[in-house]
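This is my_file.txt. It holds compact mmCIF, C-alpha atoms.
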```txt
# COMPACT_ATOMS: atom_id res chain seq x y z
CA MET A 1 35.62 -26.30 16.29
CA VAL A 2 32.16 -25.17 15.18
CA HIS A 3 29.54 -27.94 15.25
CA LEU A 4 26.34 -28.05 13.27
CA PRO A 5 23.05 -28.79 15.13
CA VAL A 6 22.72 -32.49 16.00
CA LEU A 7 19.58 -34.69 15.87
CA ARG A 8 19.39 -37.57 18.38
CA ARG A 9 18.24 -40.95 17.17
CA SER A 10 14.86 -42.08 18.48
CA ALA A 11 14.51 -45.18 20.67
CA ALA A 12 13.07 -47.04 17.67
CA GLY A 13 16.13 -46.29 15.51
CA ALA A 14 14.89 -43.24 13.55
CA VAL A 15 17.84 -41.30 12.16
CA GLY A 16 17.51 -37.54 12.50
CA ALA A 17 21.01 -36.15 13.10
CA LEU A 18 22.78 -33.09 11.71
CA LEU A 19 26.48 -33.82 12.35
CA HIS A 20 29.66 -31.94 11.58
CA ASP A 21 31.49 -33.36 8.54
CA GLU A 22 34.31 -34.77 10.68
CA TRP A 23 31.86 -36.48 13.04
CA ALA A 24 29.81 -37.80 10.12
CA ALA A 25 32.96 -39.38 8.67
CA ALA A 26 33.90 -40.94 12.00
CA PHE A 27 30.38 -42.23 12.73
CA PRO A 28 28.68 -43.14 9.42
CA ASP A 29 24.90 -43.55 9.33
CA PRO A 30 23.37 -47.02 9.35
CA ALA A 31 21.44 -48.46 6.43
CA PRO A 32 18.05 -46.86 5.63
CA THR A 33 15.49 -47.56 8.36
CA PRO A 34 12.96 -50.26 7.35
CA ALA A 35 9.42 -49.19 6.55
CA GLY A 36 7.12 -49.29 9.55
CA THR A 37 9.75 -48.11 12.08
CA ARG A 38 8.35 -45.57 14.52
CA ARG A 39 8.71 -41.92 13.57
CA ALA A 40 10.88 -39.67 15.72
CA ARG A 41 9.15 -37.68 18.47
CA ILE A 42 9.83 -33.99 18.91
CA TRP A 43 11.95 -34.65 22.00
CA ASP A 44 14.11 -36.98 19.91
CA ILE A 45 15.11 -33.98 17.79
CA ALA A 46 18.10 -32.02 19.12
CA PRO A 47 17.29 -28.76 20.95
CA ASN A 48 19.28 -26.91 18.27
CA LEU A 49 16.48 -27.60 15.79
CA HIS A 50 13.47 -27.00 18.06
CA CYS A 51 13.46 -23.26 17.31
CA SER A 52 13.20 -23.81 13.54
CA VAL A 53 10.52 -26.51 13.97
CA ILE A 54 8.30 -24.34 16.19
CA GLY A 55 8.82 -21.19 14.09
CA THR A 56 8.23 -22.94 10.74
CA CYS A 57 5.58 -25.54 11.51
CA LEU A 58 3.18 -23.65 13.83
CA SER A 59 1.63 -20.22 13.36
CA THR A 60 1.59 -17.73 16.25
CA GLY A 61 -2.18 -18.13 16.49
CA GLU A 62 -1.96 -21.93 16.74
CA LEU A 63 0.83 -21.64 19.31
CA ARG A 64 -1.21 -19.23 21.43
CA GLN A 65 -4.25 -21.56 21.26
CA PHE A 66 -2.03 -24.45 22.36
CA PHE A 67 -0.98 -22.61 25.53
CA VAL A 68 -4.57 -21.54 26.18
CA LYS A 69 -5.56 -25.22 26.17
CA LEU A 70 -2.67 -25.95 28.55
CA GLY A 71 -4.19 -23.40 30.95
CA ASP A 72 -1.33 -20.87 30.99
CA ALA A 73 -2.56 -17.78 32.82
CA ASP A 74 -1.03 -15.26 30.40
CA ALA A 75 -1.48 -17.28 27.20
CA ARG A 76 -3.82 -14.65 25.70
CA THR A 77 -1.65 -11.64 26.57
CA ALA A 78 1.95 -12.88 26.35
CA SER A 79 4.06 -11.74 23.39
CA ASP A 80 4.58 -14.01 20.37
CA HIS A 81 8.31 -14.20 21.19
CA LEU A 82 7.65 -15.32 24.77
CA LEU A 83 5.26 -18.08 23.67
CA HIS A 84 7.77 -19.20 21.02
CA GLY A 85 10.48 -19.55 23.67
CA ARG A 86 8.18 -21.57 25.95
CA ALA A 87 7.30 -23.94 23.11
CA VAL A 88 10.99 -24.46 22.27
CA GLN A 89 11.61 -25.46 25.90
CA LEU A 90 8.62 -27.82 25.94
CA ALA A 91 9.81 -29.50 22.72
CA GLY A 92 12.65 -31.22 24.54
CA GLN A 93 10.46 -32.70 27.30
CA ARG A 94 9.06 -36.22 27.24
CA GLY A 95 6.27 -35.37 29.67
CA THR A 96 2.61 -34.67 29.03
CA THR A 97 3.21 -31.20 27.59
CA GLY A 98 5.86 -32.47 25.16
CA LYS A 99 3.51 -35.21 23.97
CA LEU A 100 0.68 -32.70 23.53
CA LEU A 101 2.99 -30.45 21.49
CA HIS A 102 3.98 -33.40 19.28
CA LYS A 103 0.32 -34.38 18.76
CA THR A 104 -0.52 -30.76 17.89
CA LEU A 105 2.15 -30.74 15.17
CA ASP A 106 1.01 -34.13 13.86
CA ARG A 107 -2.63 -32.99 13.66
CA ARG A 108 -1.62 -29.72 12.03
CA HIS A 109 0.41 -31.50 9.31
CA ASP A 110 -1.45 -34.81 9.13
CA THR A 111 -1.75 -34.64 5.33
CA ALA A 112 2.00 -34.19 4.82
CA VAL A 113 2.90 -36.85 7.41
CA ARG A 114 0.63 -39.44 5.75
CA ARG A 115 2.02 -38.56 2.30
CA PHE A 116 5.65 -38.92 3.47
CA ALA A 117 4.83 -42.15 5.33
CA LYS A 118 4.68 -43.93 1.96
CA ALA A 119 8.42 -43.30 1.46
CA GLY A 120 10.73 -46.11 2.54
CA THR A 121 14.17 -44.65 1.79
CA ALA A 122 15.98 -41.35 2.22
CA GLY A 123 15.93 -40.89 -1.56
CA GLU A 124 12.14 -41.16 -1.66
CA VAL A 125 11.83 -38.76 1.28
CA ARG A 126 14.11 -36.27 -0.55
CA ARG A 127 11.99 -36.53 -3.71
CA LEU A 128 8.81 -35.73 -1.73
CA TRP A 129 10.60 -32.85 0.02
CA LEU A 130 11.70 -31.29 -3.29
CA GLN A 131 8.16 -31.56 -4.64
CA SER A 132 6.75 -29.85 -1.54
CA PHE A 133 9.47 -27.18 -1.63
CA GLU A 134 8.72 -26.30 -5.25
CA GLN A 135 4.99 -26.11 -4.44
CA GLY A 136 5.59 -23.88 -1.41
CA ASP A 137 4.26 -26.49 1.09
CA ILE A 138 7.25 -26.11 3.40
CA PRO A 139 5.91 -26.30 7.03
CA GLY A 140 4.23 -29.72 6.73
CA ALA A 141 7.04 -31.19 4.65
CA TYR A 142 9.68 -29.91 7.09
CA TRP A 143 7.93 -31.62 10.02
CA ALA A 144 7.40 -34.83 8.04
CA VAL A 145 11.08 -35.02 6.96
CA LEU A 146 12.58 -34.35 10.42
CA THR A 147 10.40 -37.06 12.04
CA HIS A 148 10.59 -39.63 9.22
CA PRO A 149 12.39 -42.85 10.19
CA ALA A 150 14.29 -42.98 6.86
CA THR A 151 15.77 -39.47 7.10
CA ASP A 152 19.58 -39.58 7.14
CA VAL A 153 22.27 -37.04 8.06
CA VAL A 154 22.76 -35.66 4.53
CA LEU A 155 19.03 -35.17 3.93
CA ALA A 156 18.53 -33.55 7.35
CA GLN A 157 21.39 -31.12 6.63
CA GLU A 158 19.96 -30.31 3.21
CA VAL A 159 16.41 -29.67 4.47
CA PHE A 160 17.52 -27.60 7.45
CA GLY A 161 19.85 -25.53 5.25
CA GLU A 162 17.13 -24.75 2.68
CA VAL A 163 14.65 -23.63 5.36
CA HIS A 164 17.35 -21.60 7.10
CA MET A 165 18.47 -19.77 3.93
CA LEU A 166 14.87 -19.17 2.82
CA SER A 167 14.23 -17.36 6.11
CA HIS A 168 17.30 -15.17 5.42
CA MET A 169 15.99 -14.26 1.96
CA VAL A 170 12.61 -13.26 3.39
CA GLY A 171 14.14 -11.11 6.12
CA SER A 172 16.57 -9.26 3.83
CA SER A 173 14.03 -8.58 1.09
CA ASN A 174 11.09 -7.71 3.32
CA ARG A 175 12.62 -4.96 5.50
CA LEU A 176 11.97 -2.09 3.08
CA ASP A 177 8.32 -3.00 2.52
CA ILE A 178 7.72 -3.42 6.25
CA ALA A 179 9.25 0.01 6.89
CA ARG A 180 7.03 1.54 4.20
CA LEU A 181 3.97 -0.14 5.68
CA ARG A 182 4.78 1.18 9.13
CA ARG A 183 5.27 4.70 7.76
CA ALA A 184 1.93 4.43 5.95
CA GLU A 185 0.21 3.29 9.14
CA GLN A 186 1.81 6.16 11.07
CA GLY A 187 0.70 8.63 8.41
CA LEU A 188 -2.82 7.20 8.54
CA ALA A 189 -2.93 7.63 12.32
CA GLU A 190 -1.78 11.24 11.99
CA ARG A 191 -4.46 11.88 9.36
CA ASP A 192 -7.09 10.39 11.64
CA ASP A 193 -5.98 12.73 14.42
CA THR A 194 -6.11 15.71 12.04
CA ILE A 195 -9.61 14.78 10.93
CA SER A 196 -10.77 14.49 14.54
CA ARG A 197 -9.49 17.99 15.31
CA GLN A 198 -11.06 19.38 12.14
CA GLN A 199 -14.38 17.74 12.92
CA ALA A 200 -14.30 19.28 16.41
CA ARG A 201 -13.62 22.73 14.90
CA LEU A 202 -16.41 22.25 12.36
CA LYS A 203 -18.81 21.26 15.11
CA ARG A 204 -17.95 24.37 17.14
CA ALA A 205 -18.29 26.57 14.04
CA ALA A 206 -21.69 25.03 13.25
CA GLU A 207 -22.86 25.63 16.82
CA GLU A 208 -21.72 29.27 16.65
CA ARG A 209 -23.48 29.71 13.33
CA ASP A 210 -26.72 28.24 14.69
CA ALA A 211 -26.53 30.56 17.72
CA LEU A 212 -25.99 33.57 15.44
CA LEU A 213 -28.92 32.57 13.24
CA ARG A 214 -31.15 32.35 16.28
CA ARG A 215 -29.99 35.79 17.42
CA LEU A 216 -30.62 37.19 13.93
CA GLU A 217 -34.14 35.75 13.91
CA THR A 218 -34.81 37.34 17.31
CA LEU A 219 -33.51 40.74 16.21
CA GLU A 220 -35.41 40.63 12.92
CA GLY A 221 -38.59 39.74 14.84
CA LEU A 222 -38.11 42.70 17.17
CA ALA A 223 -37.48 45.05 14.24
CA ALA A 224 -40.58 43.78 12.39
CA ARG A 225 -42.75 44.22 15.48
CA ALA A 226 -41.43 47.75 15.96
CA ARG A 227 -42.28 48.61 12.36
CA ARG A 228 -45.78 47.22 12.71
CA GLU A 229 -46.42 49.17 15.90
CA ARG A 230 -45.18 52.43 14.37
CA SER A 231 -47.41 52.00 11.32
CA MET A 232 -50.53 51.23 13.40
CA ALA A 233 -50.27 54.04 15.97
CA PRO A 234 -50.05 57.80 15.28
CA LEU A 235 -48.10 58.17 18.45
CA PRO A 236 -44.31 57.85 18.47
CA ALA A 237 -42.99 54.35 18.02
CA PRO A 238 -42.45 52.33 21.18
CA PHE A 239 -38.69 52.40 20.50
CA PRO A 240 -36.86 55.69 20.14
CA ALA A 241 -35.16 56.34 16.78
CA GLU A 242 -31.73 55.82 18.24
CA ASP A 243 -32.72 52.34 19.52
CA ALA A 244 -33.80 51.29 15.99
CA ASP A 245 -30.47 52.46 14.58
CA THR A 246 -28.65 50.52 17.26
CA LEU A 247 -30.59 47.37 16.31
CA ARG A 248 -29.74 47.86 12.65
CA ARG A 249 -26.05 48.20 13.43
CA LYS A 250 -26.13 45.07 15.55
CA LEU A 251 -27.99 43.25 12.81
CA ASN A 252 -25.41 44.29 10.22
CA ASP A 253 -22.56 43.32 12.55
CA GLU A 254 -24.09 39.89 13.14
CA LYS A 255 -24.58 39.38 9.41
CA ALA A 256 -20.94 40.25 8.80
CA HIS A 257 -19.85 37.85 11.56
CA ALA A 258 -22.06 35.13 10.07
CA GLY A 259 -20.37 35.69 6.68
CA VAL A 260 -16.93 35.26 8.25
CA LEU A 261 -18.03 32.06 9.95
CA ALA A 262 -19.50 30.76 6.70
CA ALA A 263 -16.16 31.40 4.95
CA ARG A 264 -14.29 29.61 7.74
CA LEU A 265 -16.72 26.72 7.54
CA ALA A 266 -16.19 26.44 3.77
CA GLU A 267 -12.40 26.39 4.29
CA ALA A 268 -12.71 23.71 6.96
CA GLU A 269 -14.96 21.58 4.74
CA GLU A 270 -12.44 21.86 1.88
CA ALA A 271 -9.62 20.84 4.23
CA LEU A 272 -11.71 17.88 5.37
CA ARG A 273 -12.27 16.78 1.76
CA SER A 274 -8.54 17.07 1.06
CA ALA A 275 -7.77 15.02 4.16
CA GLY A 276 -10.26 12.41 2.99
CA HIS A 277 -8.48 12.10 -0.35
CA CYS A 278 -5.14 11.71 1.43
CA ILE A 279 -6.55 9.03 3.72
CA ALA A 280 -8.02 7.14 0.75
CA ALA A 281 -4.61 7.21 -0.95
CA LEU A 282 -2.88 6.00 2.23
CA GLU A 283 -5.43 3.21 2.69
CA ALA A 284 -4.96 2.11 -0.92
CA ARG A 285 -1.18 2.12 -0.46
CA GLU A 286 -1.48 0.17 2.79
CA LYS A 287 -3.74 -2.38 1.10
CA THR A 288 -1.19 -2.78 -1.72
CA LEU A 289 1.69 -3.23 0.73
CA GLN A 290 -0.27 -5.76 2.77
CA ALA A 291 -1.14 -7.71 -0.38
CA GLU A 292 2.53 -7.75 -1.41
CA LEU A 293 3.61 -8.86 2.06
CA ALA A 294 0.97 -11.58 2.07
CA ALA A 295 2.17 -12.81 -1.34
CA PHE A 296 5.76 -12.81 -0.13
CA GLU A 297 4.82 -14.70 3.03
CA ALA A 298 2.93 -17.20 0.88
CA GLU A 299 6.19 -17.76 -1.04
CA LEU A 300 7.71 -19.01 2.20
CA ALA A 301 4.42 -20.73 3.11
CA ASP A 302 5.19 -19.86 6.72
CA ASP A 303 2.00 -20.14 8.76
CA GLY A 304 3.74 -18.40 11.62
CA ALA A 305 4.33 -15.31 9.47
CA CYS A 306 0.90 -14.85 7.93
CA GLY A 307 -1.27 -16.18 10.76
CA ARG A 308 -3.95 -17.27 8.30
CA GLY A 309 -2.97 -20.85 7.55
CA CYS A 310 -1.51 -19.79 4.24
CA GLY A 311 0.80 -22.78 4.22
CA GLU A 312 -2.17 -24.92 3.13
CA ASP A 313 -4.33 -22.35 1.42
CA ALA A 314 -1.65 -20.65 -0.68
CA ASN A 315 -2.09 -21.23 -4.42
CA PRO A 316 0.94 -19.75 -6.22
CA GLY A 317 0.42 -18.96 -9.85
CA ASP A 318 1.43 -21.57 -12.44
CA LEU A 319 3.38 -19.80 -15.19
CA ALA A 320 3.16 -22.96 -17.33
CA GLY A 321 6.36 -22.33 -19.26
CA ARG A 322 5.75 -18.61 -19.88
CA ARG A 323 8.68 -16.32 -20.51
CA LEU A 324 8.76 -13.16 -18.42
CA LEU A 325 10.83 -10.09 -19.34
CA TYR A 326 11.99 -7.97 -16.38
CA VAL A 327 13.43 -4.56 -17.32
CA GLY A 328 15.26 -2.38 -14.77
CA GLY A 329 15.24 -3.14 -11.05
CA ARG A 330 18.09 -3.85 -8.66
CA PRO A 331 20.88 -6.08 -10.07
CA GLY A 332 21.31 -7.84 -6.72
CA LEU A 333 17.71 -9.14 -6.78
CA ILE A 334 17.64 -10.50 -10.35
CA GLY A 335 18.87 -13.93 -9.21
CA ALA A 336 16.11 -14.19 -6.60
CA LEU A 337 13.50 -13.15 -9.17
CA ARG A 338 14.74 -15.84 -11.55
CA THR A 339 14.42 -18.42 -8.77
CA VAL A 340 10.84 -17.36 -7.98
CA THR A 341 9.94 -17.51 -11.68
CA ALA A 342 11.54 -20.93 -12.16
CA ARG A 343 9.66 -22.37 -9.19
CA ARG A 344 6.41 -21.47 -10.89
CA GLY A 345 7.43 -23.14 -14.10
CA GLY A 346 8.46 -20.02 -16.01
CA THR A 347 11.58 -18.45 -17.48
CA MET A 348 12.75 -14.89 -16.80
CA LEU A 349 14.63 -12.69 -19.28
CA ALA A 350 16.32 -9.61 -17.81
CA HIS A 351 17.45 -6.21 -19.13
CA ASP A 352 18.84 -3.41 -16.94
CA GLY A 353 16.91 -0.68 -18.80
CA GLY A 354 19.87 0.80 -20.68
CA ILE A 355 22.53 1.21 -17.94
CA GLU A 356 24.90 -1.43 -19.29
CA ASP A 357 22.64 -3.38 -21.64
CA SER A 358 21.92 -1.71 -24.97
CA THR A 359 18.33 -0.57 -25.51
CA ALA A 360 18.65 -2.02 -29.01
CA LEU A 361 18.20 -5.44 -27.39
CA LEU A 362 14.71 -4.61 -26.10
CA PRO A 363 12.75 -5.37 -29.33
CA GLY A 364 14.25 -8.84 -29.56
CA LEU A 365 13.66 -9.59 -25.87
CA ILE A 366 10.04 -8.43 -26.07
CA SER A 367 9.46 -10.61 -29.14
CA GLN A 368 10.70 -13.63 -27.11
CA ALA A 369 8.70 -12.81 -23.95
CA ASP A 370 5.05 -13.53 -23.21
CA ILE A 371 4.73 -10.57 -20.82
CA ALA A 372 6.94 -7.67 -19.68
CA PHE A 373 7.43 -6.24 -16.17
CA PHE A 374 9.24 -3.05 -15.14
CA PRO A 375 9.46 -1.38 -11.68
CA VAL A 376 8.52 2.28 -12.04
CA ASP A 377 10.82 3.30 -9.17
CA CYS A 378 13.94 1.67 -10.63
CA VAL A 379 13.87 2.24 -14.40
CA SER A 380 14.31 5.38 -16.48
CA HIS A 381 11.29 7.22 -17.87
CA ALA A 382 12.64 6.77 -21.39
CA ALA A 383 13.05 3.01 -20.91
CA ALA A 384 9.51 2.67 -19.51
CA GLY A 385 8.06 4.53 -22.48
CA ARG A 386 10.13 2.40 -24.88
CA ILE A 387 8.81 -0.82 -23.29
CA LYS A 388 5.18 0.31 -23.55
CA THR A 389 5.62 1.29 -27.21
CA LEU A 390 7.32 -1.97 -28.17
CA CYS A 391 4.75 -4.07 -26.28
CA ARG A 392 1.86 -2.30 -28.03
CA GLN A 393 3.53 -2.82 -31.40
CA ALA A 394 4.15 -6.51 -30.68
CA GLY A 395 0.72 -7.07 -29.09
CA LYS A 396 2.36 -8.15 -25.83
CA PRO A 397 0.99 -7.33 -22.35
CA PHE A 398 3.06 -5.40 -19.83
CA ILE A 399 2.73 -4.73 -16.09
CA PRO A 400 4.28 -1.65 -14.41
CA LEU A 401 5.38 -2.68 -10.89
CA ARG A 402 5.05 -0.36 -7.89
CA SER A 403 8.62 -1.00 -6.75
CA ALA A 404 11.66 -3.14 -7.51
CA SER A 405 11.18 -5.35 -4.42
CA ILE A 406 10.76 -9.13 -4.55
CA ALA A 407 7.41 -8.80 -2.73
CA THR A 408 5.97 -6.58 -5.47
CA PHE A 409 7.09 -9.03 -8.18
CA ILE A 410 5.65 -12.05 -6.33
CA ALA A 411 2.32 -10.25 -5.80
CA ALA A 412 2.13 -9.48 -9.53
CA ILE A 413 2.53 -13.13 -10.55
CA ALA A 414 0.81 -14.74 -7.53
CA ALA A 415 -2.69 -15.13 -9.00
CA PRO A 416 -2.70 -18.00 -11.55
CA PRO A 417 -2.73 -17.75 -14.43
CA ILE A 418 -1.39 -14.32 -15.47
CA GLU A 419 -4.12 -12.74 -17.56
CA VAL A 420 -3.40 -9.13 -18.62
CA GLU A 421 -5.26 -7.30 -21.34
CA VAL A 422 -2.96 -6.31 -24.18
CA PRO A 423 -2.48 -2.50 -24.07
```
Represent the structure from my file as structure tokens, please.
Amino acid sequence: MVHLPVLRRSAAGAVGALLHDEWAAAFPDPAPTPAGTRRARIWDIAPNLHCSVIGTCLSTGELRQFFVKLGDADARTASDHLLHGRAVQLAGQRGTTGKLLHKTLDRRHDTAVRRFAKAGTAGEVRRLWLQSFEQGDIPGAYWAVLTHPATDVVLAQEVFGEVHMLSHMVGSSNRLDIARLRRAEQGLAERDDTISRQQARLKRAAEERDALLRRLETLEGLAARARRERSMAPLPAPFPAEDADTLRRKLNDEKAHAGVLAARLAEAEEALRSAGHCIAALEAREKTLQAELAAFEAELADDGACGRGCGEDANPGDLAGRRLLYVGGRPGLIGALRTVTARRGGTMLAHDGGIEDSTALLPGLISQADIAFFPVDCVSHAAAGRIKTLCRQAGKPFIPLRSASIATFIAAIAAPPIEVEVP
């Protein structure tokens, strides 16, 4: 028999259990806990849930600072995974460290805890949870629900399941963008190494050129002095004729060598400029990918993922009833895109770009939509041109997306409200 994670009841009677259906039927929950009953402590929560609490409700930076304050010797150098495991172990202890961990979570999510404290029944707690979930304020609400004295088995199962499945959606949708970001960073490092080698070659070439110029100046000075001495004295020049010819040949050879070096220097400078353009493009791509990842992480409002406290600072865009048309993309992601749009108060219309849906439907869909989106990597060139033409004719804005990923779509609608100049 497979059992779901189980929450223990606190000493004060707080209900926080996730039970298997058979166990829940055999041991029904008591009536809702009266207002004023003590909230559950973190050690009252079953160990099965400690991992999700630590990973969702504390960022890696906050967790590291917690262990620094505890005086752990390797708190500043240990890996994020190692610190996470230590915190999960501490969560089940009633001692000083467990109490400090509980106080840290309470201080971190004080606003959410105080807001949920006004609820007296499981139904009121669920209503506050759904509001927080729609607004993306998941970490604080998750902590407040699991420790609330009125939380029952059904609500605990529901909240845990939503957080669990949301983490799956982030992981499955984010892999491609993370891989692209890593490849971009690797390419940037290789470009930096190439530039360093080119700069070293340029420096050596410049030093050789300066040495040749100095030698040329010396030779030209000697030749000028020899000419002056020959013109002033009737006697034979101080240098025999063959020595002057030798100097001229050397001078011509050095000039030719200097020309070759100048050509090599020009080639190196052109290569350096080309490398600079490539680096600028890579940096722009990396910035775009990071912005998309940040927007996607803000969708989860997971402080542990972004490390910048985005759970409180995130401000997802309010679509305010707007209708979005999405043309092309991956069929398997359309449902997730609809969910993201609905959470922001909008409605999404979809068209596959002419694969199965007729392109004759596009004019009508564009007339219904307030704005059109299409991923340039997952829609035909003809469909993209058709969308632009129809949008210009209808006076509707459109946004070409870099890719068909969920992160790119979220980044495009993240800044409220959507304001795009009509093409």
Which one is closest to Ala224 (chain A): A:Lys203, A:Thr339, A:Arg127, A:Leu247? Count all atoms listed in the file.
A:Leu247
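Close contacts of His351 (chain A), defined as residues with an atom at most 10 Å away when counting only C-alpha atoms, with chain neighbours fewer than 3 positions off set aside, comprise Leu325, Tyr326, Val327, Gly328, Gly329, Pro331, Ile334, Gly354, Ile355, Glu356, Asp357, Ser358, Thr359, Leu361, Leu362, Leu365 and Phe374 of chain A.
One finds CA of Pro149 (chain A) at 8.8 Å from CA of Thr121 (chain A).
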Might you pull out every residue within 8 Å of Ala122 (chain A), with only C-alpha atoms counted and same-chain residues fewer than 5 positions away left off, and present them as number ranges by chain?
A: 32, 150-152, 155
Which residue out of A:Leu63, A:Ala87, A:Val125, A:Ala256 has the minimum interatomic distance to Val154 (chain A) when all atoms listed in the file are used?
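Among the listed residues, A:Val125 lies closest to Val154 (chain A).
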What is the distance, in Å and to one decimal place, between CA of Ala91 (chain A) and CA of Trp43 (chain A)?
5.6 Å
Closest of A:Gly120, A:Thr341, A:Gln393, A:Lys255 to Ile410 (chain A) - atom-to-atom distances counting all atoms listed in the file
A:Thr341
Tell me which protein, DNA and RNA residues are within 9 Å of region 262-276 of chain A, counting all atoms listed in the file, leaving out same-chain ones fewer than 2 positions away, and put them as a PyMOL selection string.
chain A and resi 191-192+194-195+198-199+201-202+205-206+209+257-260+278-281
Could you pull the residues within 12 Å of Ala117 (chain A), counting only C-alpha atoms, minus those fewer than 2 positions along the same chain, as an mmCIF file with C-alpha atoms, keeping the file's coordinate frame?
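Contents of the output file around_12.cif:
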```
data_model
loop_
_atom_site.group_PDB
_atom_site.id
_atom_site.type_symbol
_atom_site.label_atom_id
_atom_site.label_comp_id
_atom_site.auth_asym_id
_atom_site.auth_seq_id
_atom_site.Cartn_x
_atom_site.Cartn_y
_atom_site.Cartn_z
ATOM 1 C CA PRO A 34 12.960 -50.260 7.350
ATOM 2 C CA ALA A 35 9.420 -49.190 6.550
ATOM 3 C CA GLY A 36 7.120 -49.290 9.550
ATOM 4 C CA THR A 37 9.750 -48.110 12.080
ATOM 5 C CA ARG A 38 8.350 -45.570 14.520
ATOM 6 C CA ARG A 39 8.710 -41.920 13.570
ATOM 7 C CA ASP A 110 -1.450 -34.810 9.130
ATOM 8 C CA THR A 111 -1.750 -34.640 5.330
ATOM 9 C CA ALA A 112 2.000 -34.190 4.820
ATOM 10 C CA VAL A 113 2.900 -36.850 7.410
ATOM 11 C CA ARG A 114 0.630 -39.440 5.750
ATOM 12 C CA ARG A 115 2.020 -38.560 2.300
ATOM 13 C CA ALA A 119 8.420 -43.300 1.460
ATOM 14 C CA GLY A 120 10.730 -46.110 2.540
ATOM 15 C CA THR A 121 14.170 -44.650 1.790
ATOM 16 C CA ALA A 122 15.980 -41.350 2.220
ATOM 17 C CA GLU A 124 12.140 -41.160 -1.660
ATOM 18 C CA VAL A 125 11.830 -38.760 1.280
ATOM 19 C CA LEU A 128 8.810 -35.730 -1.730
ATOM 20 C CA ALA A 141 7.040 -31.190 4.650
ATOM 21 C CA TRP A 143 7.930 -31.620 10.020
ATOM 22 C CA ALA A 144 7.400 -34.830 8.040
ATOM 23 C CA VAL A 145 11.080 -35.020 6.960
ATOM 24 C CA THR A 147 10.400 -37.060 12.040
ATOM 25 C CA HIS A 148 10.590 -39.630 9.220
ATOM 26 C CA PRO A 149 12.390 -42.850 10.190
ATOM 27 C CA ALA A 150 14.290 -42.980 6.860
ATOM 28 C CA THR A 151 15.770 -39.470 7.100
#
```
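Considering only C-alpha atoms, the residue among A:Ala382, A:Ala189, A:Ala412, A:Ala394 positioned nearest to Gly364 (chain A) is A:Ala394.
The spacing separating CA of Thr389 (chain A) from CA of Arg402 (chain A) amounts to 19.4 Å.
Omitting Leu333 (chain A) and its sequence neighbours fewer than 5 positions away, and counting all atoms listed in the file, the residues within 12 Å are Met169, Ser172, Ser173, Tyr326, Gly328, Arg338, Thr339, Val340, Ala350, Asp352, Ala404, Ser405, Ile406, Ala407 and Phe409 of chain A.
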Using the file's own x, y and z axes, so that the box edges lie along x, y and z, what centre and edge lengths in Å (one decimal) does a box around every listed atom of region 133-137 of chain A get when 5 Å is added on each side? Give it as lines of an AutoDock Vina configuration file.
```
center_x = 6.9
center_y = -25.5
center_z = -2.1
size_x = 15.2
size_y = 13.3
size_z = 16.3
```
